[in-house]
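Following: one structure in structure tokens, then a few remarks.
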Amino acid sequence: MLGFATPEEAIAASPPPRGQRVAIAIPDGTRPVDVPAALAALRPWVGEATAHVGLGLHRPMSPAEQPASPFPVVQHDPDDVVLTAVVDGVPGGISRALAAADVILGVGIVELHQYAGFSGGHKAVSVGLGARATIDALHHRDRVTAPGVGLGNLDGNPFREVVDALGAAAGCVWALNTAGGRWFAGEPRRVVREAASSLSCWVDVDEPVDAVILKVPVQKAVNFYQASRAATYVGLSARPPLRPGATLYVEAACPEGMGEGSGERAFAALAERLPYPWAGVLAGPPPEGGGTQRLVVLALLLARYRLVVTGCTNPAPLRRCGVDARVESAAMVAPRDALVVDDPFGKVPRLVVVASLAPGFPRGQR
């Protein structure tokens, strides 16, 4: 299925279950979802409901940032939770504000994700509205680097399996997701697979390059924690189109520096404490706390490549952590022949595998 042009059409094709007390998980501003359109489309089907902003460990949204909604909007507190179930050693917990709901729905986006393969589906509840202990355990170093965990991979991905099981245990029964400008609705696991199969996420590159410019969209450019995902998506994919020692220029303003949420602050504190390029997180005791996993994947990236943040309006916090952050744009500092990627979260470049070389082709770090 290629999805539907509007959320109304998707909902009509697969309506949500009815309930007396409906809770709708919605994403925060770091995800490019037309939340007002989704909620307006749901209004005739669910009656009275409450919309819950899935912050995870991100900072709360300001009043000006909150979406227009026909329902009351509640922001998530990862420390005010109720327990659900333990899944593969991960203690499940969700926002206490959901405890009274008899129907839980998820709204979100299906796009490439470093660990879950693709975002969307149950992730709106199990992570977006998850307990701090859930998010911390789920993002343990051993889990985000486990075999099968990787960008664009849904099959045999243990991270995705735990996310889905936690969402089901929390009571999420239906999802409305957007992907590639289309809308999908129904059972969360099915929605993710259908939406992911509709996407064309890879751009083939014939030869490896020495430099790549990654133009980060505004939703992800708010801080380094989010923006750096553009670099790890490319550099830690299965077939990165990069020569050893290549430079990734991440074009992102990062007005919030390293990030202002509790997970982002944990990431920044560890990044400032350890010497750049943070190789210390790859051995010995694993770092603790949700958010620090971003430093693990960045350390994997920096073991092979260089990273420069360009067009940065607030470089000082990044520089304190050792990051080469520059006010100048990538066009001013990158080589003229650099590969330019306009949509690093939706169209990721990958190296073409020549048939005669395929058996011995080295795979990238996950």
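Naming works like this for the structure tokens: A, B, ... for the chains as they're shown, residue 1 at the start of each chain, ligands 1 onward in shown order.
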
Spatial neighbours of Met258 (chain A), 7 Å, only C-alpha atoms, chain gap at least 3 places, as a PyMOL selection string: chain A and resi 223-225+264+268+317-318

Selected residues written out with C-alpha atoms, as an mmCIF file, in the first residue's frame:
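Result written to part32.cif:
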```
data_model
loop_
_atom_site.group_PDB
_atom_site.id
_atom_site.type_symbol
_atom_site.label_atom_id
_atom_site.label_comp_id
_atom_site.auth_asym_id
_atom_site.auth_seq_id
_atom_site.Cartn_x
_atom_site.Cartn_y
_atom_site.Cartn_z
ATOM 1 C CA ASN A 223 20.815 21.369 18.661
ATOM 2 C CA PHE A 224 23.886 19.212 18.094
ATOM 3 C CA TYR A 225 22.303 16.133 19.661
ATOM 4 C CA GLU A 264 20.734 15.996 25.806
ATOM 5 C CA ALA A 268 26.657 17.160 26.708
ATOM 6 C CA PRO A 317 28.849 24.882 23.766
ATOM 7 C CA LEU A 318 29.950 22.580 20.954
#
```

Would you please give, as a ChimeraX atom specification, all residues of region 59-198 of chain A that DSSP assigns to helix (DSSP H, G or I) based on the backbone? /A:96-98,123-126,132-138,141-144,158-170,188-198

Give me the residues of region 234-296 of chain A that have any atom at most 12 Å from an atom of region 73-93 of chain A; for each, the nearest atom pair and the distance in Å, rounded to one decimal. Use only C-alpha atoms, sort by chain and number, and format it as a Markdown table.
```
| residue | atom | partner | partner_atom | distance |
| --- | --- | --- | --- | --- |
| A:Gly261 | CA | A:Pro78 | CA | 11.3 |
| A:Ser262 | CA | A:Pro78 | CA | 9.9 |
| A:Gly263 | CA | A:Pro78 | CA | 10.7 |
| A:Gly290 | CA | A:Pro78 | CA | 11.1 |
```

Could you please take those selected residues and save C-alpha atoms as a short mmCIF file (atom, residue, chain, number, x, y, z; two decimals), in the first residue's frame?
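Okay, result.cif is ready:
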```cif
data_model
loop_
_atom_site.label_atom_id
_atom_site.label_comp_id
_atom_site.auth_asym_id
_atom_site.auth_seq_id
_atom_site.Cartn_x
_atom_site.Cartn_y
_atom_site.Cartn_z
CA GLY A 261 16.49 18.26 27.37
CA SER A 262 17.62 16.03 30.24
CA GLY A 263 18.91 13.38 27.84
CA GLY A 290 19.42 8.02 28.21
#
```

Write out as a list in words which residues come within 9 Å of Glu328 (chain A) when counting only C-alpha atoms, dropping same-chain ones fewer than 6 positions away.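 Listing them by chain and then by number gives Thr310, Gly311 and Cys312 of chain A.
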
Going by DSSP on the backbone, which residues of region 86-280 of chain A come out as strand (DSSP E)? List them as number ranges by chain. A: 86-87, 90-95, 103-109, 112-113, 117-118, 172-179, 182-186, 202-205, 209-215, 242-251

For each of A:Glu194, A:Asp142, A:Glu260, A:Glu161, take the minimum atom-to-atom distance to Val222 (chain A), counting only C-alpha atoms, then give the residue where this is smallest.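 Checking each of A:Glu194, A:Asp142, A:Glu260, A:Glu161 against Val222 (chain A), counting only C-alpha atoms, the winner is A:Glu260.
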
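Within the 10 Å cut-off around Gly180 (chain A), using only C-alpha atoms and omitting residues fewer than 3 positions from it on the same chain, the listed residues are A:Leu2, A:Gly3, A:Ile109, A:Val110, A:Glu111, A:Trp183, A:Ala195, A:Ala196, A:Ser198, A:Leu199, A:Ser200, A:Cys201, A:Gly346.
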
Could you save the residues just selected, with C-alpha atoms, as a compact mmCIF listing (two decimals), in the first residue's frame?
```txt
# COMPACT_ATOMS: atom_id res chain seq x y z
CA LEU A 2 1.26 3.46 -0.89
CA GLY A 3 -0.76 5.20 1.80
CA ILE A 109 6.32 9.74 11.38
CA VAL A 110 7.96 6.74 9.78
CA GLU A 111 11.47 7.80 8.80
CA TRP A 183 -0.57 8.84 5.58
CA ALA A 195 5.00 3.08 5.45
CA ALA A 196 8.66 2.03 5.36
CA SER A 198 6.63 3.02 0.50
CA LEU A 199 9.80 5.06 1.01
CA SER A 200 12.84 5.37 -1.22
CA CYS A 201 15.47 6.20 1.38
CA GLY A 346 15.12 10.94 4.11
```
